[in-house]
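Just work.csv here, CSV, C-alpha atoms:
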```csv
chain,number,residue,atom,x,y,z
A,1,MET,CA,21.6,19.8,-19.3
A,2,THR,CA,18.0,18.4,-19.2
A,3,THR,CA,16.8,17.0,-22.5
A,4,THR,CA,13.3,17.4,-23.9
A,5,PRO,CA,11.3,14.2,-23.3
A,6,PRO,CA,9.6,12.5,-26.3
A,7,ASP,CA,6.0,13.7,-26.9
A,8,ARG,CA,3.8,10.7,-26.1
A,9,SER,CA,0.4,12.6,-26.3
A,10,HIS,CA,-0.6,10.6,-29.3
A,11,LEU,CA,-0.7,7.3,-27.4
A,12,LEU,CA,-4.2,6.1,-26.3
A,13,THR,CA,-2.8,5.3,-22.9
A,14,GLU,CA,-1.9,8.9,-22.4
A,15,GLN,CA,-5.1,10.5,-23.7
A,16,ARG,CA,-8.0,11.8,-21.5
A,17,ASN,CA,-11.1,9.7,-21.1
A,18,LEU,CA,-14.0,12.0,-21.7
A,19,ARG,CA,-16.3,9.8,-19.6
A,20,SER,CA,-14.2,10.6,-16.5
A,21,ALA,CA,-13.6,14.3,-17.1
A,22,GLY,CA,-15.6,15.1,-14.0
A,23,LEU,CA,-14.0,12.5,-11.8
A,24,HIS,CA,-13.1,14.9,-8.9
A,25,ARG,CA,-16.8,15.7,-8.5
A,26,MET,CA,-18.1,12.2,-8.5
A,27,SER,CA,-19.5,10.4,-5.4
A,28,VAL,CA,-18.1,7.1,-4.2
A,29,ALA,CA,-20.9,5.2,-6.0
A,30,GLU,CA,-20.3,7.1,-9.2
A,31,CYS,CA,-16.6,6.4,-9.1
A,32,VAL,CA,-17.1,2.7,-8.5
A,33,ARG,CA,-19.7,2.5,-11.3
A,34,LEU,CA,-17.5,4.3,-13.8
A,35,ILE,CA,-14.4,2.3,-13.0
A,36,ASN,CA,-16.4,-0.9,-13.3
A,37,GLU,CA,-17.8,0.2,-16.7
A,38,GLU,CA,-14.4,1.0,-18.0
A,39,ASP,CA,-12.9,-2.3,-16.7
A,40,ALA,CA,-15.5,-4.2,-18.7
A,41,ARG,CA,-13.7,-2.9,-21.8
A,42,VAL,CA,-10.7,-5.0,-20.9
A,43,ILE,CA,-12.5,-8.2,-22.0
A,44,ASP,CA,-13.2,-6.7,-25.4
A,45,ALA,CA,-9.5,-5.8,-25.7
A,46,LEU,CA,-8.4,-9.4,-24.9
A,47,ARG,CA,-11.0,-10.8,-27.3
A,48,GLU,CA,-9.7,-8.5,-30.1
A,49,ALA,CA,-6.1,-9.5,-29.4
A,50,ALA,CA,-6.8,-13.2,-29.4
A,51,PRO,CA,-5.4,-13.9,-32.9
A,52,ALA,CA,-2.1,-12.2,-32.0
A,53,LEU,CA,-1.9,-14.1,-28.7
A,54,VAL,CA,-2.6,-17.4,-30.5
A,55,ALA,CA,0.2,-16.7,-33.0
A,56,LEU,CA,2.6,-15.8,-30.3
A,57,ILE,CA,1.8,-18.9,-28.2
A,58,GLU,CA,2.0,-21.2,-31.1
A,59,ALA,CA,5.4,-19.8,-32.1
A,60,ALA,CA,6.7,-20.1,-28.5
A,61,GLU,CA,5.3,-23.6,-27.8
A,62,PRO,CA,7.9,-25.8,-29.6
A,63,GLY,CA,10.8,-24.1,-27.8
A,64,PHE,CA,9.1,-24.1,-24.4
A,65,VAL,CA,8.0,-27.7,-24.6
A,66,ALA,CA,11.6,-28.6,-25.5
A,67,GLY,CA,12.8,-27.0,-22.3
A,68,GLY,CA,13.1,-23.3,-23.3
A,69,ARG,CA,12.3,-20.4,-21.1
A,70,LEU,CA,9.7,-17.6,-21.0
A,71,VAL,CA,11.2,-14.3,-20.1
A,72,TYR,CA,9.2,-11.2,-19.4
A,73,VAL,CA,10.9,-7.7,-19.5
A,74,GLY,CA,9.2,-4.6,-18.2
A,75,ALA,CA,9.3,-1.5,-16.1
A,76,GLY,CA,6.9,-0.2,-13.5
A,77,THR,CA,3.5,-1.9,-13.4
A,78,SER,CA,4.3,-3.9,-16.5
A,79,GLY,CA,7.5,-5.2,-15.0
A,80,ARG,CA,5.8,-6.1,-11.7
A,81,LEU,CA,3.2,-8.0,-13.6
A,82,GLY,CA,5.8,-10.0,-15.4
A,83,VAL,CA,7.7,-10.8,-12.2
A,84,LEU,CA,4.4,-11.8,-10.6
A,85,ASP,CA,3.5,-14.3,-13.3
A,86,ALA,CA,7.0,-15.7,-13.2
A,87,ALA,CA,6.9,-16.1,-9.5
A,88,GLU,CA,3.6,-18.0,-9.6
A,89,ALA,CA,4.7,-20.6,-12.2
A,90,PRO,CA,6.8,-22.9,-9.9
A,91,PRO,CA,4.1,-23.4,-7.2
A,92,THR,CA,1.3,-23.7,-9.7
A,93,PHE,CA,3.0,-26.0,-12.3
A,94,GLN,CA,6.0,-27.3,-10.5
A,95,VAL,CA,8.4,-26.0,-13.2
A,96,GLU,CA,11.9,-25.5,-11.9
A,97,PRO,CA,12.7,-21.9,-11.0
A,98,GLY,CA,14.2,-20.1,-14.0
A,99,ARG,CA,11.8,-21.6,-16.6
A,100,VAL,CA,9.6,-18.4,-16.4
A,101,VAL,CA,11.7,-15.3,-15.6
A,102,GLY,CA,10.7,-11.7,-14.8
A,103,ILE,CA,13.1,-8.9,-15.4
A,104,ILE,CA,12.1,-5.5,-14.1
A,105,ALA,CA,13.8,-2.1,-14.5
A,106,GLY,CA,15.4,-1.3,-11.2
A,107,GLY,CA,15.7,-4.9,-10.0
A,108,THR,CA,13.8,-6.5,-7.2
A,109,ALA,CA,13.8,-3.2,-5.2
A,110,ALA,CA,11.4,-1.9,-7.9
A,111,LEU,CA,8.8,-4.4,-6.8
A,112,THR,CA,7.9,-2.3,-3.8
A,113,ARG,CA,9.5,1.1,-4.5
A,114,SER,CA,9.1,3.2,-7.7
A,115,SER,CA,12.1,3.2,-10.0
A,116,GLU,CA,10.7,5.1,-13.0
A,117,SER,CA,14.0,6.6,-13.9
A,118,ARG,CA,15.5,3.2,-14.6
A,119,GLU,CA,13.0,2.6,-17.5
A,120,ASP,CA,14.9,5.1,-19.6
A,121,GLU,CA,18.0,2.9,-19.6
A,122,ARG,CA,18.0,1.3,-23.0
A,123,SER,CA,20.7,-1.1,-22.1
A,124,GLY,CA,19.4,-1.7,-18.6
A,125,ALA,CA,18.3,-5.3,-19.1
A,126,HIS,CA,21.3,-6.4,-21.2
A,127,ALA,CA,23.4,-7.9,-18.3
A,128,GLU,CA,20.4,-9.9,-17.0
A,129,LEU,CA,19.6,-11.2,-20.5
A,130,ASP,CA,23.2,-12.2,-21.1
A,131,ALA,CA,23.3,-14.0,-17.8
A,132,LEU,CA,20.5,-16.2,-19.0
A,133,SER,CA,22.6,-17.4,-22.0
A,134,LEU,CA,19.5,-17.3,-24.2
A,135,THR,CA,18.9,-19.7,-27.1
A,136,ALA,CA,16.4,-20.1,-29.9
A,137,ARG,CA,14.2,-22.2,-27.6
A,138,ASP,CA,13.6,-19.2,-25.4
A,139,THR,CA,10.9,-16.5,-25.7
A,140,VAL,CA,11.5,-12.9,-24.6
A,141,ILE,CA,8.3,-10.9,-24.1
A,142,GLY,CA,8.6,-7.2,-23.6
A,143,VAL,CA,5.7,-5.6,-21.7
A,144,ALA,CA,5.1,-1.8,-22.1
A,145,ALA,CA,1.7,-0.3,-22.0
A,146,GLY,CA,2.6,2.6,-24.3
A,147,GLY,CA,5.1,0.7,-26.3
A,148,THR,CA,7.8,3.2,-26.0
A,149,THR,CA,9.8,2.2,-22.9
A,150,PRO,CA,13.5,2.3,-23.7
A,151,PHE,CA,14.4,-0.4,-21.2
A,152,VAL,CA,12.0,-2.8,-22.9
A,153,LEU,CA,12.8,-1.9,-26.5
A,154,GLY,CA,16.5,-2.1,-25.8
A,155,ALA,CA,16.0,-5.6,-24.2
A,156,LEU,CA,14.2,-6.9,-27.3
A,157,GLU,CA,16.8,-5.3,-29.6
A,158,HIS,CA,19.5,-7.0,-27.7
A,159,ALA,CA,17.8,-10.4,-27.8
A,160,ARG,CA,17.3,-10.0,-31.5
A,161,SER,CA,21.0,-9.4,-32.0
A,162,LEU,CA,22.1,-12.7,-30.4
A,163,ALA,CA,23.6,-15.4,-32.6
A,164,ASP,CA,21.2,-18.0,-31.2
A,165,ARG,CA,18.3,-15.7,-31.3
A,166,PRO,CA,15.2,-16.3,-29.1
A,167,LEU,CA,11.7,-15.6,-30.2
A,168,THR,CA,10.7,-12.0,-29.3
A,169,SER,CA,7.3,-10.3,-28.7
A,170,LEU,CA,6.0,-7.0,-27.4
A,171,ILE,CA,2.7,-6.5,-25.5
A,172,VAL,CA,1.3,-3.0,-25.6
A,173,CYS,CA,-2.0,-1.2,-24.9
A,174,ALA,CA,-1.6,1.4,-27.6
A,175,ASP,CA,-1.7,1.4,-31.4
A,176,ILE,CA,1.9,1.7,-32.5
A,177,PRO,CA,3.7,0.8,-35.7
A,178,PRO,CA,5.1,-2.8,-35.5
A,179,PRO,CA,8.7,-2.2,-34.2
A,180,ASP,CA,11.7,-3.8,-35.8
A,181,VAL,CA,12.8,-5.3,-32.5
A,182,THR,CA,10.1,-7.9,-32.3
A,183,GLU,CA,8.5,-10.7,-34.3
A,184,HIS,CA,5.1,-10.7,-32.6
A,185,LEU,CA,3.2,-7.5,-31.6
A,186,VAL,CA,0.2,-8.0,-29.3
A,187,VAL,CA,-2.0,-4.9,-28.9
A,188,LEU,CA,-4.5,-4.7,-26.1
A,189,ARG,CA,-6.7,-1.7,-27.0
A,190,THR,CA,-8.0,-0.8,-23.6
A,191,GLY,CA,-8.3,2.9,-24.4
A,192,PRO,CA,-7.8,6.0,-22.2
A,193,GLU,CA,-7.7,5.4,-18.5
A,194,VAL,CA,-10.2,6.7,-16.0
A,195,LEU,CA,-7.3,8.5,-14.4
A,196,THR,CA,-5.4,9.9,-17.3
A,197,GLY,CA,-2.2,8.0,-17.9
A,198,SER,CA,-2.6,5.6,-15.0
A,199,THR,CA,-1.8,2.4,-16.8
A,200,ARG,CA,-1.9,0.5,-13.5
A,201,MET,CA,-5.7,0.4,-14.2
A,202,LYS,CA,-7.2,-1.0,-17.4
A,203,ALA,CA,-3.9,-1.5,-19.2
A,204,GLY,CA,-2.5,-3.3,-16.1
A,205,THR,CA,-5.5,-5.5,-15.8
A,206,ALA,CA,-5.4,-6.4,-19.5
A,207,THR,CA,-1.7,-7.1,-19.3
A,208,LYS,CA,-2.1,-9.5,-16.4
A,209,LEU,CA,-4.8,-11.4,-18.2
A,210,ALA,CA,-2.6,-11.7,-21.3
A,211,LEU,CA,0.4,-12.9,-19.3
A,212,ASN,CA,-1.8,-15.5,-17.5
A,213,THR,CA,-3.2,-16.6,-20.9
A,214,ILE,CA,0.3,-17.1,-22.3
A,215,SER,CA,1.9,-18.9,-19.4
A,216,THR,CA,-1.1,-21.1,-18.6
A,217,THR,CA,-1.6,-22.1,-22.2
A,218,LEU,CA,2.1,-23.0,-22.6
A,219,MET,CA,1.9,-25.1,-19.4
A,220,VAL,CA,-1.2,-26.9,-20.7
A,221,ARG,CA,0.6,-27.7,-24.0
A,222,ALA,CA,3.7,-28.9,-22.1
A,223,GLY,CA,1.5,-31.5,-20.3
A,224,ARG,CA,1.5,-29.9,-16.9
A,225,VAL,CA,-2.3,-29.9,-16.8
A,226,TYR,CA,-4.7,-32.8,-17.1
A,227,GLU,CA,-8.4,-32.0,-17.8
A,228,ASN,CA,-8.5,-28.7,-15.9
A,229,LEU,CA,-6.5,-29.8,-12.9
A,230,MET,CA,-3.1,-28.8,-11.6
A,231,VAL,CA,-1.7,-32.4,-11.7
A,232,ASP,CA,1.9,-31.3,-11.4
A,233,LEU,CA,1.1,-30.0,-8.0
A,234,ARG,CA,3.3,-31.3,-5.2
A,235,ALA,CA,1.8,-31.4,-1.7
A,236,THR,CA,4.3,-29.4,0.4
A,237,ASN,CA,1.9,-27.8,2.9
A,238,ASP,CA,-1.6,-28.4,4.4
A,239,LYS,CA,-3.4,-26.3,1.8
A,240,LEU,CA,-1.6,-28.1,-1.1
A,241,ARG,CA,-2.1,-31.5,0.5
A,242,ASP,CA,-5.8,-30.8,0.7
A,243,ARG,CA,-5.9,-29.6,-3.0
A,244,ALA,CA,-3.8,-32.5,-4.1
A,245,ALA,CA,-6.0,-35.0,-2.3
A,246,ARG,CA,-9.1,-33.6,-4.0
A,247,ILE,CA,-7.4,-33.8,-7.4
A,248,VAL,CA,-6.4,-37.5,-6.8
A,249,ALA,CA,-9.9,-38.2,-5.5
A,250,THR,CA,-11.4,-36.7,-8.7
A,251,LEU,CA,-9.2,-38.8,-11.0
A,252,THR,CA,-9.3,-42.1,-9.0
A,253,CYS,CA,-12.8,-42.0,-7.4
A,254,LEU,CA,-11.1,-42.7,-4.1
A,255,GLY,CA,-12.3,-41.1,-0.8
A,256,ARG,CA,-10.4,-38.4,0.9
A,257,ASP,CA,-8.6,-40.6,3.4
A,258,ALA,CA,-7.6,-43.1,0.7
A,259,SER,CA,-6.4,-40.3,-1.5
A,260,LEU,CA,-4.3,-38.8,1.2
A,261,ALA,CA,-2.8,-42.2,1.9
A,262,LEU,CA,-2.1,-42.8,-1.8
A,263,LEU,CA,-0.4,-39.4,-2.0
A,264,GLU,CA,1.8,-40.3,0.9
A,265,ARG,CA,2.9,-43.5,-0.9
A,266,ALA,CA,3.5,-41.4,-4.1
A,267,GLY,CA,5.8,-39.0,-2.4
A,268,GLY,CA,3.3,-36.2,-2.6
A,269,SER,CA,3.2,-36.3,-6.4
A,270,VAL,CA,-0.4,-36.2,-7.9
A,271,LYS,CA,0.7,-37.6,-11.2
A,272,THR,CA,2.5,-40.5,-9.6
A,273,ALA,CA,-0.4,-41.2,-7.3
A,274,VAL,CA,-2.9,-41.3,-10.2
A,275,VAL,CA,-0.8,-43.6,-12.3
A,276,MET,CA,-0.1,-45.9,-9.4
A,277,HIS,CA,-3.9,-46.4,-8.8
A,278,ARG,CA,-5.2,-46.4,-12.3
A,279,LEU,CA,-2.5,-48.8,-13.6
A,280,GLY,CA,-1.9,-50.8,-10.5
A,281,MET,CA,1.8,-49.9,-10.3
A,282,SER,CA,4.3,-49.3,-7.6
A,283,ARG,CA,5.7,-45.8,-7.1
A,284,GLU,CA,8.9,-46.7,-8.9
A,285,ALA,CA,7.1,-48.1,-11.9
A,286,ALA,CA,4.7,-45.2,-12.1
A,287,GLU,CA,7.6,-42.7,-11.9
A,288,ARG,CA,9.4,-44.6,-14.7
A,289,ARG,CA,6.3,-44.6,-16.9
A,290,LEU,CA,5.9,-40.9,-16.4
A,291,ARG,CA,9.5,-40.3,-17.4
A,292,GLU,CA,9.1,-42.4,-20.5
A,293,CYS,CA,6.1,-40.2,-21.4
A,294,ALA,CA,7.9,-36.9,-20.9
A,295,GLY,CA,5.9,-36.4,-17.7
A,296,ARG,CA,2.6,-36.3,-19.4
A,297,LEU,CA,-0.2,-37.9,-17.4
A,298,ASP,CA,-2.4,-38.5,-20.5
A,299,GLY,CA,0.5,-40.3,-22.1
A,300,ALA,CA,1.2,-42.4,-19.1
A,301,LEU,CA,-2.4,-43.4,-18.9
A,302,GLY,CA,-2.4,-44.5,-22.6
A,303,GLU,CA,-4.4,-41.6,-23.8
A,304,GLY,CA,-1.8,-40.2,-26.3
A,305,GLY,CA,0.3,-37.1,-26.1
A,306,ALA,CA,-0.4,-33.4,-26.8
A,307,PRO,CA,-3.4,-32.6,-28.9
A,308,ASP,CA,-2.9,-30.9,-32.3
```
In structure tokens, how does this file's structure come out?
Amino acid sequence: MTTTPPDRSHLLTEQRNLRSAGLHRMSVAECVRLINEEDARVIDALREAAPALVALIEAAEPGFVAGGRLVYVGAGTSGRLGVLDAAEAPPTFQVEPGRVVGIIAGGTAALTRSSESREDERSGAHAELDALSLTARDTVIGVAAGGTTPFVLGALEHARSLADRPLTSLIVCADIPPPDVTEHLVVLRTGPEVLTGSTRMKAGTATKLALNTISTTLMVRAGRVYENLMVDLRATNDKLRDRAARIVATLTCLGRDASLALLERAGGSVKTAVVMHRLGMSREAAERRLRECAGRLDGALGEGGAPD
């Protein structure tokens, strides 16, 4: 017997946008202009949510810096965005795979093929969460545009029930009462979509910006960035060798050829190369100094550790 679905018409993400009521009659130029105008509202939504994002990141920082993990849980577009952010962490920041995790309803197949029915499974993420052996150092972030997805709410509920309970958060794009399943609620008020209910649009854009903000800031605080450079980069292909050489050149004032040669001697590690040059050390001594400073380049260079 088919059950009656919950009425979600009160959610902003499901309501009609009066500015796009005549969408089917618009020219290409009108469609592009309207979508651009609506997308501009995303920045306001992120600015308004900044205090909540700050509170979440500050709460997650101690555990993450101590080796904890960042775990995203979502379905549909929200799930894909979480998996995307998780997948980009290792090549960008050289964190080991598994430090940033994306769990999506329907598994990896849902990345390319719709699996909407799986989002109604309230216990759907439990097995994957249990396999992670979560601890209080970890942070589990549920991502659900409307804030009602059973797969996400069930995952947060499960995480909160663990003896060694991780930090939990929920990112939504609609005004909802703070749920009992999470400690930090982040609301991105992007408003009704140009195409009614299509949260792959403004809600998806705002969500990606929020996840980028969370993961990048945590990596900065963990010492994986120096100035605004990806110093944990490891040169494993031509594009990355070129980027790494430019970073080394910026921080050592060496020319391109000398920077490439230094990188070679440093085993492809930007941090090691910079310490070798700036402190006149061998590769082994530079690596040892970095280990003693928990991998922080500023610490290895005698500039102190993480800022307050």
| request: Find the residue from A:Ala300, A:Leu218, A:Val275, A:Leu70 that sits nearest to Leu251 in chain A; use all atoms listed in the file when measuring. | output: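 That would be A:Val275, the residue with the smallest distance to Leu251 in chain A.
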re CA of Ala244 in chain A and CA of Asp232 in chain A: distance 9.3 Å
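Across the structure, CA of Arg288 in chain A and CA of Gly63 in chain A are spaced 24.4 Å apart.
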### Message
Excluding Ala86 in chain A and its own-chain neighbours fewer than 4 positions away, which residues fall within 9 Å of it when counting only C-alpha atoms? Please give them as a list in words.
### Response
Leu70, Val71, Tyr72, Leu81, Gly82, Pro90, Pro97, Gly98, Arg99, Val100, Val101, Gly102 and Ser215 of chain A
Could you name the residues that touch range 47-62 of chain A at 12 Å or less, counting only C-alpha atoms, but leaving out those on the same chain fewer than 4 positions away, as an mmCIF file with C-alpha atoms, in the frame of the given file?
```cif
data_model
loop_
_atom_site.group_PDB
_atom_site.id
_atom_site.type_symbol
_atom_site.label_atom_id
_atom_site.label_comp_id
_atom_site.auth_asym_id
_atom_site.auth_seq_id
_atom_site.Cartn_x
_atom_site.Cartn_y
_atom_site.Cartn_z
ATOM 1 C CA ALA A 40 -15.500 -4.200 -18.700
ATOM 2 C CA ARG A 41 -13.700 -2.900 -21.800
ATOM 3 C CA VAL A 42 -10.700 -5.000 -20.900
ATOM 4 C CA ILE A 43 -12.500 -8.200 -22.000
ATOM 5 C CA ALA A 66 11.600 -28.600 -25.500
ATOM 6 C CA GLY A 67 12.800 -27.000 -22.300
ATOM 7 C CA GLY A 68 13.100 -23.300 -23.300
ATOM 8 C CA ARG A 69 12.300 -20.400 -21.100
ATOM 9 C CA LEU A 70 9.700 -17.600 -21.000
ATOM 10 C CA VAL A 71 11.200 -14.300 -20.100
ATOM 11 C CA ALA A 136 16.400 -20.100 -29.900
ATOM 12 C CA ARG A 137 14.200 -22.200 -27.600
ATOM 13 C CA ASP A 138 13.600 -19.200 -25.400
ATOM 14 C CA THR A 139 10.900 -16.500 -25.700
ATOM 15 C CA VAL A 140 11.500 -12.900 -24.600
ATOM 16 C CA ILE A 141 8.300 -10.900 -24.100
ATOM 17 C CA PRO A 166 15.200 -16.300 -29.100
ATOM 18 C CA LEU A 167 11.700 -15.600 -30.200
ATOM 19 C CA THR A 168 10.700 -12.000 -29.300
ATOM 20 C CA SER A 169 7.300 -10.300 -28.700
ATOM 21 C CA LEU A 170 6.000 -7.000 -27.400
ATOM 22 C CA ILE A 171 2.700 -6.500 -25.500
ATOM 23 C CA VAL A 172 1.300 -3.000 -25.600
ATOM 24 C CA CYS A 173 -2.000 -1.200 -24.900
ATOM 25 C CA ALA A 174 -1.600 1.400 -27.600
ATOM 26 C CA ASP A 175 -1.700 1.400 -31.400
ATOM 27 C CA THR A 182 10.100 -7.900 -32.300
ATOM 28 C CA GLU A 183 8.500 -10.700 -34.300
ATOM 29 C CA HIS A 184 5.100 -10.700 -32.600
ATOM 30 C CA LEU A 185 3.200 -7.500 -31.600
ATOM 31 C CA VAL A 186 0.200 -8.000 -29.300
ATOM 32 C CA VAL A 187 -2.000 -4.900 -28.900
ATOM 33 C CA LEU A 188 -4.500 -4.700 -26.100
ATOM 34 C CA ARG A 189 -6.700 -1.700 -27.000
ATOM 35 C CA THR A 190 -8.000 -0.800 -23.600
ATOM 36 C CA ALA A 206 -5.400 -6.400 -19.500
ATOM 37 C CA THR A 207 -1.700 -7.100 -19.300
ATOM 38 C CA LEU A 209 -4.800 -11.400 -18.200
ATOM 39 C CA ALA A 210 -2.600 -11.700 -21.300
ATOM 40 C CA LEU A 211 0.400 -12.900 -19.300
ATOM 41 C CA ASN A 212 -1.800 -15.500 -17.500
ATOM 42 C CA THR A 213 -3.200 -16.600 -20.900
ATOM 43 C CA ILE A 214 0.300 -17.100 -22.300
ATOM 44 C CA SER A 215 1.900 -18.900 -19.400
ATOM 45 C CA THR A 216 -1.100 -21.100 -18.600
ATOM 46 C CA THR A 217 -1.600 -22.100 -22.200
ATOM 47 C CA LEU A 218 2.100 -23.000 -22.600
ATOM 48 C CA MET A 219 1.900 -25.100 -19.400
ATOM 49 C CA VAL A 220 -1.200 -26.900 -20.700
ATOM 50 C CA ARG A 221 0.600 -27.700 -24.000
ATOM 51 C CA ALA A 222 3.700 -28.900 -22.100
ATOM 52 C CA GLY A 223 1.500 -31.500 -20.300
ATOM 53 C CA ALA A 306 -0.400 -33.400 -26.800
ATOM 54 C CA ASP A 308 -2.900 -30.900 -32.300
#
```
Using all atoms listed in the file, the residue out of A:Gly197, A:Gly154, A:Gly267, A:Pro6 with shortest distance to Val73 in chain A is A:Gly154
One decimal, in Å: what's the spacing between CA of Gly142 in chain A and CA of Gly79 in chain A?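 Between CA of Gly142 in chain A and CA of Gly79 in chain A the gap is 8.9 Å.
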Original post:
Residues at most 8 Å from Met230 in chain A, counting all atoms listed in the file, excluding those fewer than 3 positions away in the same chain, as JSON, numbers by chain?
Top reply: {"A": [92, 93, 224, 225, 226, 233, 247]}
Distance cut-off 10 Å, centre (-3.4, -41.1, -2.4) in file coordinates, counting all atoms listed in the file: which residues qualify? Return them as an MDAnalysis selection string.
chainID A and resid 244:249 252 254:270 272:274 276:277
